[in-house]
>>> print(open('data23.cif').read())   # mmCIF, C-alpha atoms
data_query
loop_
_atom_site.label_atom_id
_atom_site.label_comp_id
_atom_site.auth_asym_id
_atom_site.auth_seq_id
_atom_site.Cartn_x
_atom_site.Cartn_y
_atom_site.Cartn_z
CA MET A 295 -29.64 -21.60 -20.63
CA VAL A 296 -26.06 -21.78 -21.84
CA LEU A 297 -27.09 -23.98 -24.76
CA ALA A 298 -29.77 -21.46 -25.74
CA LEU A 299 -27.32 -18.58 -25.34
CA THR A 300 -24.85 -20.40 -27.57
CA ALA A 301 -27.53 -20.84 -30.24
CA TYR A 302 -28.39 -17.15 -29.95
CA VAL A 303 -24.76 -16.15 -30.43
CA LEU A 304 -24.29 -18.42 -33.46
CA LEU A 305 -27.57 -17.45 -35.14
CA GLY A 306 -28.90 -14.17 -33.77
CA GLY A 307 -25.42 -12.82 -33.17
CA ALA A 308 -24.57 -13.24 -36.82
CA ASP A 309 -27.73 -11.28 -37.69
CA PHE A 310 -26.50 -8.38 -35.57
CA GLY A 311 -23.12 -8.66 -37.22
CA GLY A 312 -24.78 -8.42 -40.61
CA GLY A 313 -26.16 -5.05 -39.56
CA VAL A 314 -22.65 -3.96 -38.61
CA TRP A 315 -21.41 -4.74 -42.12
CA ASP A 316 -24.43 -2.95 -43.55
CA LEU A 317 -23.28 0.12 -41.63
CA LEU A 318 -19.66 -0.29 -42.77
CA ALA A 319 -20.39 -1.11 -46.41
CA ARG A 320 -17.93 0.82 -48.57
CA GLY A 321 -16.56 0.87 -52.08
CA PRO A 322 -18.14 0.47 -55.50
CA ARG A 323 -19.94 -2.73 -54.40
CA ARG A 324 -21.50 -1.36 -51.21
CA ALA A 325 -25.03 -1.62 -52.62
CA ARG A 326 -24.47 -5.28 -53.53
CA GLN A 327 -22.94 -5.94 -50.12
CA ARG A 328 -26.00 -4.52 -48.40
CA ALA A 329 -28.28 -6.48 -50.72
CA LEU A 330 -26.50 -9.71 -49.79
CA VAL A 331 -26.88 -8.91 -46.08
CA ALA A 332 -30.58 -8.17 -46.54
CA ASP A 333 -31.26 -11.27 -48.64
CA THR A 334 -29.48 -13.44 -46.10
CA LEU A 335 -31.31 -11.99 -43.09
CA ALA A 336 -34.79 -11.52 -44.53
CA PRO A 337 -36.24 -15.05 -44.34
CA ILE A 338 -35.23 -16.18 -40.84
CA TRP A 339 -33.65 -13.42 -38.81
CA GLU A 340 -36.56 -12.70 -36.41
CA ALA A 341 -36.91 -16.39 -35.60
CA ASN A 342 -33.46 -16.40 -34.02
CA HIS A 343 -34.68 -14.27 -31.10
CA VAL A 344 -36.49 -17.33 -29.76
CA TRP A 345 -33.20 -18.44 -28.20
CA LEU A 346 -32.86 -15.23 -26.18
CA ILE A 347 -36.50 -15.53 -25.11
CA LEU A 348 -35.78 -19.08 -23.95
CA VAL A 349 -32.86 -17.85 -21.80
CA VAL A 350 -35.07 -15.20 -20.17
CA VAL A 351 -37.98 -17.60 -19.55
CA LEU A 352 -35.73 -20.23 -17.98
CA LEU A 353 -34.04 -17.62 -15.81
CA PHE A 354 -37.20 -16.17 -14.29
CA THR A 355 -38.84 -19.61 -13.96
CA CYS A 356 -35.97 -21.62 -12.51
CA PHE A 357 -33.98 -18.86 -10.78
CA PRO A 358 -36.49 -16.08 -9.91
CA ALA A 359 -34.26 -14.43 -7.30
CA ALA A 360 -31.42 -14.16 -9.82
CA PHE A 361 -33.81 -12.80 -12.43
CA ALA A 362 -35.03 -10.14 -10.01
CA ARG A 363 -31.50 -9.09 -9.05
CA ILE A 364 -30.14 -9.02 -12.61
CA THR A 365 -33.06 -7.16 -14.17
CA THR A 366 -33.16 -4.63 -11.34
CA VAL A 367 -29.48 -3.73 -11.26
CA LEU A 368 -29.10 -3.88 -15.05
CA HIS A 369 -32.48 -2.41 -15.97
CA LEU A 370 -30.89 0.49 -17.88
CA PRO A 371 -28.71 -1.50 -20.34
CA LEU A 372 -31.36 -4.21 -20.62
CA THR A 373 -34.02 -1.65 -21.50
CA LEU A 374 -31.74 0.00 -24.04
CA MET A 375 -30.96 -3.42 -25.48
CA LEU A 376 -34.68 -4.16 -25.84
CA VAL A 377 -35.22 -0.80 -27.52
CA GLY A 378 -32.35 -1.59 -29.89
CA ILE A 379 -33.88 -4.96 -30.82
CA VAL A 380 -37.27 -3.35 -31.53
CA LEU A 381 -35.81 -0.43 -33.48
CA ARG A 382 -33.61 -2.77 -35.47
CA GLY A 383 -36.52 -4.97 -36.49
CA SER A 384 -38.79 -2.06 -37.31
CA ALA A 385 -36.14 -0.23 -39.31
CA PHE A 386 -35.28 -3.36 -41.30
CA VAL A 387 -38.92 -3.84 -42.30
CA PHE A 388 -39.49 -0.17 -43.14
CA ARG A 389 -36.36 -0.06 -45.27
CA SER A 390 -37.24 -3.30 -47.05
CA TYR A 391 -40.70 -2.05 -48.01
CA ASP A 392 -39.52 1.37 -49.13
CA LEU A 393 -40.56 1.04 -52.77
CA ARG A 394 -39.30 4.48 -53.73
CA ARG A 395 -35.76 3.87 -52.41
CA ASP A 396 -35.55 7.50 -51.31
CA ALA A 397 -33.96 9.36 -48.39
CA ALA A 398 -36.47 7.87 -45.94
CA GLY A 399 -35.31 4.37 -46.82
CA ARG A 400 -31.70 5.38 -46.31
CA ARG A 401 -32.53 6.79 -42.89
CA TRP A 402 -34.23 3.54 -41.88
CA GLY A 403 -31.17 1.69 -43.16
CA ARG A 404 -28.84 3.74 -40.97
CA LEU A 405 -31.09 3.19 -37.96
CA PHE A 406 -31.09 -0.57 -38.63
CA ALA A 407 -27.31 -0.63 -38.89
CA ILE A 408 -26.67 1.53 -35.82
CA ALA A 409 -29.09 -0.50 -33.68
CA SER A 410 -27.39 -3.68 -34.90
CA ALA A 411 -24.06 -2.37 -33.59
CA VAL A 412 -25.27 -0.94 -30.28
CA THR A 413 -27.43 -3.89 -29.18
CA PRO A 414 -24.66 -6.54 -29.02
CA LEU A 415 -22.45 -4.03 -27.25
CA LEU A 416 -25.12 -3.71 -24.54
CA LEU A 417 -25.53 -7.49 -24.35
CA GLY A 418 -21.81 -7.86 -23.73
CA VAL A 419 -21.88 -5.09 -21.13
CA CYS A 420 -24.60 -6.96 -19.22
CA LEU A 421 -22.65 -10.23 -19.31
CA GLY A 422 -19.48 -8.43 -18.28
CA ALA A 423 -21.19 -6.77 -15.33
CA LEU A 424 -22.62 -10.12 -14.25
CA ALA A 425 -19.26 -11.90 -14.54
CA SER A 426 -17.45 -9.13 -12.65
CA GLY A 427 -19.62 -9.64 -9.56
CA ALA A 428 -20.89 -6.06 -9.63
CA VAL A 429 -24.50 -7.22 -10.02
CA GLY A 430 -24.49 -9.42 -6.94
CA ARG A 431 -22.26 -7.23 -4.80
CA ASP A 432 -23.69 -4.24 -2.95
CA PRO A 433 -21.86 -1.11 -4.12
CA LEU A 434 -21.73 0.41 -0.65
CA ASP A 435 -21.22 -2.81 1.38
CA HIS A 436 -24.21 -2.14 3.61
CA ASP A 437 -26.94 -4.44 4.91
CA PRO A 438 -28.70 -5.70 1.76
CA THR A 439 -32.01 -6.07 3.64
CA PRO A 440 -32.81 -2.69 5.25
CA ALA A 441 -35.89 -2.14 7.30
CA THR A 442 -39.15 -2.02 5.37
CA GLY A 443 -39.69 1.41 3.89
CA ALA A 444 -36.15 2.57 4.58
CA PRO A 445 -34.42 4.03 1.52
CA LEU A 446 -31.29 2.37 0.24
CA PRO A 447 -28.13 4.34 0.99
CA GLY A 448 -26.31 5.77 -1.99
CA THR A 449 -27.38 7.41 -5.20
CA PHE A 450 -29.16 6.08 -8.26
CA ALA A 451 -25.81 5.90 -10.05
CA ASP A 452 -24.30 3.82 -7.23
CA HIS A 453 -26.90 1.10 -7.63
CA PHE A 454 -27.89 1.19 -11.31
CA VAL A 455 -25.05 2.75 -13.32
CA ARG A 456 -21.70 1.96 -11.73
CA PRO A 457 -22.21 -1.85 -11.69
CA TRP A 458 -22.14 -1.96 -15.50
CA ALA A 459 -20.35 1.26 -16.49
CA THR A 460 -16.92 -0.23 -15.87
CA PRO A 461 -13.92 -0.75 -18.17
CA PHE A 462 -14.23 -4.53 -17.88
CA ALA A 463 -17.94 -4.58 -18.79
CA LEU A 464 -17.34 -2.24 -21.73
CA ALA A 465 -14.45 -4.45 -22.89
CA VAL A 466 -16.75 -7.49 -22.84
CA GLY A 467 -19.25 -5.42 -24.83
CA LEU A 468 -16.60 -4.76 -27.46
CA LEU A 469 -15.75 -8.47 -27.40
CA ALA A 470 -19.38 -9.39 -28.13
CA LEU A 471 -19.58 -6.83 -30.94
CA ALA A 472 -16.36 -8.09 -32.54
CA LEU A 473 -17.48 -11.71 -32.21
CA PHE A 474 -20.84 -11.04 -33.89
CA ALA A 475 -19.20 -9.07 -36.69
CA PHE A 476 -16.68 -11.87 -37.22
CA LEU A 477 -19.37 -14.54 -37.40
CA ALA A 478 -21.45 -12.49 -39.83
CA ALA A 479 -18.53 -11.82 -42.16
CA VAL A 480 -17.57 -15.51 -42.22
CA TYR A 481 -21.17 -16.56 -42.89
CA LEU A 482 -21.48 -14.00 -45.69
CA THR A 483 -18.39 -15.38 -47.44
CA VAL A 484 -20.19 -18.72 -47.64
CA GLU A 485 -23.39 -17.04 -48.84
CA ALA A 486 -21.54 -15.14 -51.55
CA ASP A 487 -19.67 -18.24 -52.66
CA GLU A 488 -22.85 -20.31 -52.89
CA ARG A 489 -24.47 -17.56 -54.94
CA ARG A 490 -21.41 -17.57 -57.23
CA LEU A 491 -20.40 -14.03 -56.30
CA PRO A 492 -16.62 -14.32 -55.88
CA THR A 493 -15.99 -10.58 -55.63
CA LEU A 494 -18.41 -10.25 -52.71
CA ALA A 495 -16.89 -13.34 -51.11
CA ASP A 496 -13.50 -11.63 -51.21
CA ASP A 497 -15.00 -8.41 -49.83
CA PHE A 498 -16.35 -10.21 -46.79
CA ARG A 499 -13.20 -12.31 -46.51
CA ARG A 500 -11.21 -9.14 -45.90
CA ARG A 501 -13.79 -7.98 -43.37
CA ALA A 502 -13.72 -11.34 -41.61
CA LEU A 503 -9.94 -11.24 -41.31
CA ALA A 504 -10.09 -7.72 -39.87
CA ALA A 505 -12.88 -8.70 -37.47
CA GLY A 506 -10.88 -11.76 -36.36
CA LEU A 507 -7.96 -9.55 -35.40
CA ALA A 508 -10.33 -7.15 -33.63
CA LEU A 509 -11.82 -10.10 -31.76
CA PHE A 510 -8.38 -11.16 -30.55
CA ALA A 511 -7.62 -7.60 -29.38
CA ALA A 512 -10.97 -7.30 -27.57
CA ALA A 513 -10.49 -10.65 -25.83
CA ALA A 514 -7.00 -9.65 -24.69
CA LEU A 515 -8.32 -6.32 -23.42
CA ALA A 516 -11.15 -7.97 -21.48
CA LEU A 517 -8.75 -10.44 -19.90
CA LEU A 518 -6.35 -7.64 -18.99
CA LEU A 519 -9.12 -5.64 -17.28
CA ALA A 520 -10.50 -8.58 -15.27
CA PRO A 521 -7.97 -9.23 -12.50
CA ASP A 522 -10.53 -9.02 -9.70
CA ALA A 523 -13.66 -10.37 -11.36
CA PRO A 524 -14.90 -13.07 -8.95
CA ALA A 525 -15.56 -16.60 -10.12
CA ARG A 526 -15.89 -19.85 -8.22
CA THR A 527 -12.21 -19.67 -7.22
CA GLY A 528 -10.31 -16.43 -7.20
CA SER A 529 -11.00 -14.41 -10.32
CA VAL A 530 -12.22 -14.91 -13.85
CA ARG A 531 -8.69 -14.18 -15.05
CA ALA A 532 -7.26 -16.86 -12.74
CA VAL A 533 -9.88 -19.43 -13.72
CA VAL A 534 -9.48 -19.02 -17.48
CA THR A 535 -5.69 -18.88 -17.41
CA GLY A 536 -4.70 -21.32 -14.67
CA GLY A 537 -5.01 -25.07 -14.38
CA LEU A 538 -5.21 -27.96 -16.82
CA ARG A 539 -8.82 -27.45 -17.87
CA ALA A 540 -8.20 -23.75 -18.45
CA ALA A 541 -5.20 -24.61 -20.59
CA LEU A 542 -7.31 -27.05 -22.64
CA LEU A 543 -10.02 -24.41 -23.09
CA GLN A 544 -7.53 -21.76 -24.14
CA THR A 545 -5.85 -24.18 -26.53
CA ALA A 546 -9.16 -25.17 -28.11
CA THR A 547 -10.22 -21.55 -28.54
CA ALA A 548 -6.86 -20.57 -30.01
CA LEU A 549 -6.86 -23.50 -32.43
CA CYS A 550 -10.36 -22.63 -33.61
CA ALA A 551 -9.39 -18.98 -34.07
CA VAL A 552 -6.21 -19.81 -36.00
CA GLY A 553 -8.10 -22.40 -38.04
CA ALA A 554 -10.81 -19.90 -38.97
CA LEU A 555 -8.29 -17.27 -40.06
CA ALA A 556 -6.21 -19.82 -41.98
CA ALA A 557 -9.29 -21.15 -43.76
CA LEU A 558 -10.31 -17.60 -44.67
CA TRP A 559 -6.82 -16.90 -45.97
CA THR A 560 -6.94 -19.98 -48.20
CA ARG A 561 -10.60 -19.35 -49.16
CA ARG A 562 -11.99 -22.50 -47.59
CA TRP A 563 -15.26 -20.85 -46.68
CA ARG A 564 -17.13 -23.73 -45.05
CA THR A 565 -14.15 -24.76 -42.98
CA ALA A 566 -13.85 -21.17 -41.81
CA ARG A 567 -17.52 -21.11 -40.85
CA LEU A 568 -17.20 -24.31 -38.81
CA ALA A 569 -14.06 -23.06 -37.04
CA ALA A 570 -15.64 -19.67 -36.30
CA GLN A 571 -18.69 -21.35 -34.80
CA ALA A 572 -16.48 -23.54 -32.63
CA GLN A 573 -14.51 -20.50 -31.49
CA ALA A 574 -17.71 -18.65 -30.51
CA ALA A 575 -18.99 -21.71 -28.63
CA CYS A 576 -15.68 -21.99 -26.74
CA LEU A 577 -15.97 -18.35 -25.65
CA VAL A 578 -19.55 -18.75 -24.39
CA TRP A 579 -18.87 -21.99 -22.54
CA GLY A 580 -15.60 -20.66 -21.16
CA TRP A 581 -17.50 -17.77 -19.58
CA ALA A 582 -20.11 -20.14 -18.13
CA TRP A 583 -17.45 -22.52 -16.81
CA ALA A 584 -15.54 -19.64 -15.21
CA GLN A 585 -18.65 -18.69 -13.22
CA TYR A 586 -19.91 -22.17 -12.33
CA PRO A 587 -21.45 -22.87 -9.83
CA LEU A 588 -22.10 -19.15 -9.37
CA LEU A 589 -25.06 -17.67 -11.20
CA VAL A 590 -24.85 -14.17 -9.73
CA PRO A 591 -21.30 -13.69 -8.45
CA PRO A 592 -19.80 -13.29 -5.93
CA THR A 593 -22.10 -15.37 -3.70
CA GLY A 594 -25.26 -16.36 -5.59
CA THR A 595 -24.89 -20.02 -6.55
CA LEU A 596 -27.22 -22.14 -8.66
CA ALA A 597 -28.29 -24.08 -5.58
CA THR A 598 -29.12 -21.06 -3.40
CA LEU A 599 -30.98 -19.18 -6.15
CA ALA A 600 -32.92 -22.11 -7.62
CA ALA A 601 -36.70 -22.40 -7.55
CA PRO A 602 -38.33 -25.28 -5.62
CA PRO A 603 -37.48 -28.75 -7.00
CA VAL A 604 -41.02 -29.32 -8.27
CA THR A 605 -40.72 -26.21 -10.44
CA LEU A 606 -37.39 -27.38 -11.83
CA ARG A 607 -38.77 -30.83 -12.64
CA LEU A 608 -41.84 -29.46 -14.38
CA THR A 609 -39.75 -26.96 -16.33
CA LEU A 610 -37.37 -29.70 -17.43
CA GLY A 611 -40.29 -31.79 -18.68
CA VAL A 612 -41.82 -28.86 -20.56
CA LEU A 613 -38.41 -27.98 -21.99
CA ALA A 614 -37.92 -31.54 -23.26
CA ALA A 615 -41.37 -31.56 -24.88
CA GLY A 616 -40.85 -28.11 -26.36
CA THR A 617 -37.51 -29.12 -27.81
CA LEU A 618 -39.24 -31.89 -29.78
CA VAL A 619 -41.32 -29.17 -31.44
CA LEU A 620 -38.79 -26.33 -31.64
CA LEU A 621 -35.79 -28.09 -33.17
CA PRO A 622 -37.66 -29.78 -36.06
CA SER A 623 -39.44 -26.50 -36.72
CA PHE A 624 -36.12 -24.68 -37.00
CA VAL A 625 -34.70 -27.37 -39.27
CA TYR A 626 -37.76 -27.12 -41.50
CA LEU A 627 -37.58 -23.32 -41.51
CA PHE A 628 -33.95 -23.38 -42.63
CA ARG A 629 -34.64 -26.00 -45.29
CA VAL A 630 -37.52 -23.97 -46.72
CA PHE A 631 -35.68 -20.67 -46.88
CA ARG A 632 -32.12 -21.86 -47.42
CA GLY A 633 -32.65 -24.05 -50.46
CA ARG A 634 -33.90 -23.49 -53.97
CA VAL A 635 -34.78 -25.56 -57.00
CA ALA A 636 -31.76 -26.27 -59.18
CA GLU A 637 -31.43 -24.23 -62.33
CA PRO A 638 -31.44 -26.00 -65.72
CA GLY A 639 -28.13 -27.77 -66.19
CA GLU A 640 -27.23 -27.46 -62.49
CA ARG A 641 -26.64 -30.49 -60.31
CA PRO A 642 -29.90 -30.95 -58.34
CA ASN A 643 -28.14 -32.04 -55.15
CA ARG A 644 -26.22 -28.77 -54.82
CA ARG A 645 -27.82 -26.85 -51.98
CA THR A 646 -27.59 -23.11 -52.45
CA PRO A 647 -29.52 -20.35 -50.74
CA ARG A 648 -32.59 -19.03 -52.41
CA SER A 649 -32.57 -15.29 -52.81
CA VAL A 650 -35.55 -14.17 -50.74
CA THR A 651 -36.09 -10.44 -50.71
CA PRO A 652 -38.88 -8.73 -48.78
CA VAL A 653 -40.03 -6.81 -51.86
CA ARG A 654 -40.89 -8.27 -55.23
#
>>> encode(input="data23.cif", output="structure tokens")
Amino acid sequence: MVLALTAYVLLGGADFGGGVWDLLARGPRRARQRALVADTLAPIWEANHVWLILVVVLLFTCFPAAFARITTVLHLPLTLMLVGIVLRGSAFVFRSYDLRRDAAGRRWGRLFAIASAVTPLLLGVCLGALASGAVGRDPLDHDPTPATGAPLPGTFADHFVRPWATPFALAVGLLALALFAFLAAVYLTVEADERRLPTLADDFRRRALAAGLALFAAAALALLLAPDAPARTGSVRAVVTGGLRAALLQTATALCAVGALAALWTRRWRTARLAAQAQAACLVWGWAWAQYPLLVPPTGTLATLAAPPVTLRLTLGVLAAGTLVLLPSFVYLFRVFRGRVAEPGERPNRRTPRSVTPVR
């Protein structure tokens, strides 16, 4: 599940970030900036949701009790997140096929951009609420198994709003939004460079540098607001800041962040992309390591929430077989839509993206 979530952050997260930069496009080249975002997203962006679907399927198959608890307590932000994903996809298609390029197309464009910004915020809020222990902890500290038919004490807000409407969860939401925007800006510098558009590369370079600083601020804020978030020992803050392994994780993340910003500053686009991807992966795996072996803090461990062993074995076998189909399919998809035939006089081994627009 963490591997699939990492893939979703690196691929789907960058798609959401592209929508953020569509919303924030400014200056005399804003139309060209939005066109680059659209051309980059159009061929493959919906396919990236398969990684989020994989996380959900594995959760309700292998850890059904955790799935029930998470989706019940967090049903409001999860529903809004689903609505955002659907609205984002619909708006992108409607805008792309707006042949008249009139006010209706602009409205769909704004809806696409706003949904792209709100959805990752909600995803981060859900992860923050889960990491804080609010999902697994009863808000009123009463018997979690009341008599059949007896209403739960407390209000609707106690059970379904307060667990995620916290400063820490909102800070993690901002962290996710900043991370996705940073990844998208870095990716778009590479896209612009490969399309020989140096002015657009510089535009997104400035945005990437700003997003990198915002990412650092959001991470510091989330860490500051998480003194009591339970993990396997003490708190999330204690786990990610104390001990040798925590120091190694922090060092790796910091080196990747500094490397990405330095590469952007010196216009080494591909190095920046690799460093940004490594930084995002360190953040995702750092969160997972801080919780392990808890799946639903503060008490729900992987062992206590797991499905029967036969289910886990069968799922593992199906997952292995499916991977043999999924990964080559993704590689083929990227090769089809990310390459083009060399122009006359161009070196044929230079791989550059093909401009694929939804409307011809």
>>> closest_residue(input="data23.cif", among="A:Leu468, A:Phe361, A:Ala411, A:Gln573", to="Met375 (chain A)", atoms="only C-alpha atoms")
A:Ala411
>>> closest_residue(input="data23.cif", among="A:Ala385, A:Leu368, A:Ala397, A:Ala601", to="Cys420 (chain A)", atoms="all atoms listed in the file")
A:Leu368
>>> residues_around(input="data23.cif", residues="Phe498 (chain A)", least_positions_apart="5", cutoff="9 Å", atoms="only C-alpha atoms", output="list of chain:residue names")
A:Trp315, A:Gln327, A:Ala478, A:Ala479, A:Val480, A:Tyr481, A:Leu482, A:Thr483, A:Ala486, A:Thr493, A:Leu503
>>> residues_near_point(input="data23.cif", point="(-20.9, 0.6, -48.3)", cutoff="12 Å", atoms="only C-alpha atoms", output="ChimeraX atom specification")
/A:313-331,400,403-404,407,494,497-498
>>> write_last_selection(input="data23.cif", atoms="C-alpha atoms", output="PDB file, in the frame of the given file")
ATOM      1  CA  GLY A 313     -26.160  -5.050 -39.560  1.00  0.00           C
ATOM      2  CA  VAL A 314     -22.650  -3.960 -38.610  1.00  0.00           C
ATOM      3  CA  TRP A 315     -21.410  -4.740 -42.120  1.00  0.00           C
ATOM      4  CA  ASP A 316     -24.430  -2.950 -43.550  1.00  0.00           C
ATOM      5  CA  LEU A 317     -23.280   0.120 -41.630  1.00  0.00           C
ATOM      6  CA  LEU A 318     -19.660  -0.290 -42.770  1.00  0.00           C
ATOM      7  CA  ALA A 319     -20.390  -1.110 -46.410  1.00  0.00           C
ATOM      8  CA  ARG A 320     -17.930   0.820 -48.570  1.00  0.00           C
ATOM      9  CA  GLY A 321     -16.560   0.870 -52.080  1.00  0.00           C
ATOM     10  CA  PRO A 322     -18.140   0.470 -55.500  1.00  0.00           C
ATOM     11  CA  ARG A 323     -19.940  -2.730 -54.400  1.00  0.00           C
ATOM     12  CA  ARG A 324     -21.500  -1.360 -51.210  1.00  0.00           C
ATOM     13  CA  ALA A 325     -25.030  -1.620 -52.620  1.00  0.00           C
ATOM     14  CA  ARG A 326     -24.470  -5.280 -53.530  1.00  0.00           C
ATOM     15  CA  GLN A 327     -22.940  -5.940 -50.120  1.00  0.00           C
ATOM     16  CA  ARG A 328     -26.000  -4.520 -48.400  1.00  0.00           C
ATOM     17  CA  ALA A 329     -28.280  -6.480 -50.720  1.00  0.00           C
ATOM     18  CA  LEU A 330     -26.500  -9.710 -49.790  1.00  0.00           C
ATOM     19  CA  VAL A 331     -26.880  -8.910 -46.080  1.00  0.00           C
ATOM     20  CA  ARG A 400     -31.700   5.380 -46.310  1.00  0.00           C
ATOM     21  CA  GLY A 403     -31.170   1.690 -43.160  1.00  0.00           C
ATOM     22  CA  ARG A 404     -28.840   3.740 -40.970  1.00  0.00           C
ATOM     23  CA  ALA A 407     -27.310  -0.630 -38.890  1.00  0.00           C
ATOM     24  CA  LEU A 494     -18.410 -10.250 -52.710  1.00  0.00           C
ATOM     25  CA  ASP A 497     -15.000  -8.410 -49.830  1.00  0.00           C
ATOM     26  CA  PHE A 498     -16.350 -10.210 -46.790  1.00  0.00           C
TER      27      PHE A 498
END
>>> residues_around(input="data23.cif", residues="region 424-429 of chain A", least_positions_apart="5", cutoff="10 Å", atoms="all atoms listed in the file", output="VMD selection string")
chain A and resid 360 363 to 368 418 to 419 453 to 454 456 to 458 460 462 to 463 466 520 to 525 529 to 530 581 to 582 584 to 585 588 to 594
>>> residues_near_point(input="data23.cif", point="(-26.1, -7.4, -34.6)", cutoff="8 Å", atoms="only C-alpha atoms", output="list in words")
Gly306, Gly307, Ala308, Asp309, Phe310, Gly311, Gly312, Gly313, Val314, Ala409, Ser410, Ala411, Val412, Thr413, Pro414, Leu471, Phe474 and Ala475 of chain A
>>> atom_distance(input="data23.cif", atom1="CA of Leu606 (chain A)", atom2="CA of Leu352 (chain A)")
9.6 Å
>>> atom_distance(input="data23.cif", atom1="CA of Val303 (chain A)", atom2="CA of Gly399 (chain A)")
28.3 Å
>>> atom_distance(input="data23.cif", atom1="CA of Cys356 (chain A)", atom2="CA of Met295 (chain A)")
10.3 Å
>>> residues_around(input="data23.cif", residues="Pro461 (chain A)", least_positions_apart="3", cutoff="7 Å", atoms="only C-alpha atoms", output="PyMOL selection string")
chain A and resi 464-465+519
>>> closest_residue(input="data23.cif", among="A:Phe510, A:Pro602, A:Tyr302, A:Arg500", to="Thr560 (chain A)", atoms="all atoms listed in the file")
A:Arg500
>>> residues_around(input="data23.cif", residues="Arg567 (chain A)", least_positions_apart="5", cutoff="9 Å", atoms="all atoms listed in the file", output="number ranges by chain")
A: 477, 480-481, 483-484, 554, 557-558, 562, 572
>>> residues_around(input="data23.cif", residues="Leu610 (chain A)", least_positions_apart="5", cutoff="12 Å", atoms="all atoms listed in the file", output="ChimeraX atom specification")
/A:295,352,355-356,603-605,615-617
>>> closest_residue(input="data23.cif", among="A:Leu370, A:Leu613, A:Ala512, A:Ala551", to="Val351 (chain A)", atoms="only C-alpha atoms")
A:Leu613
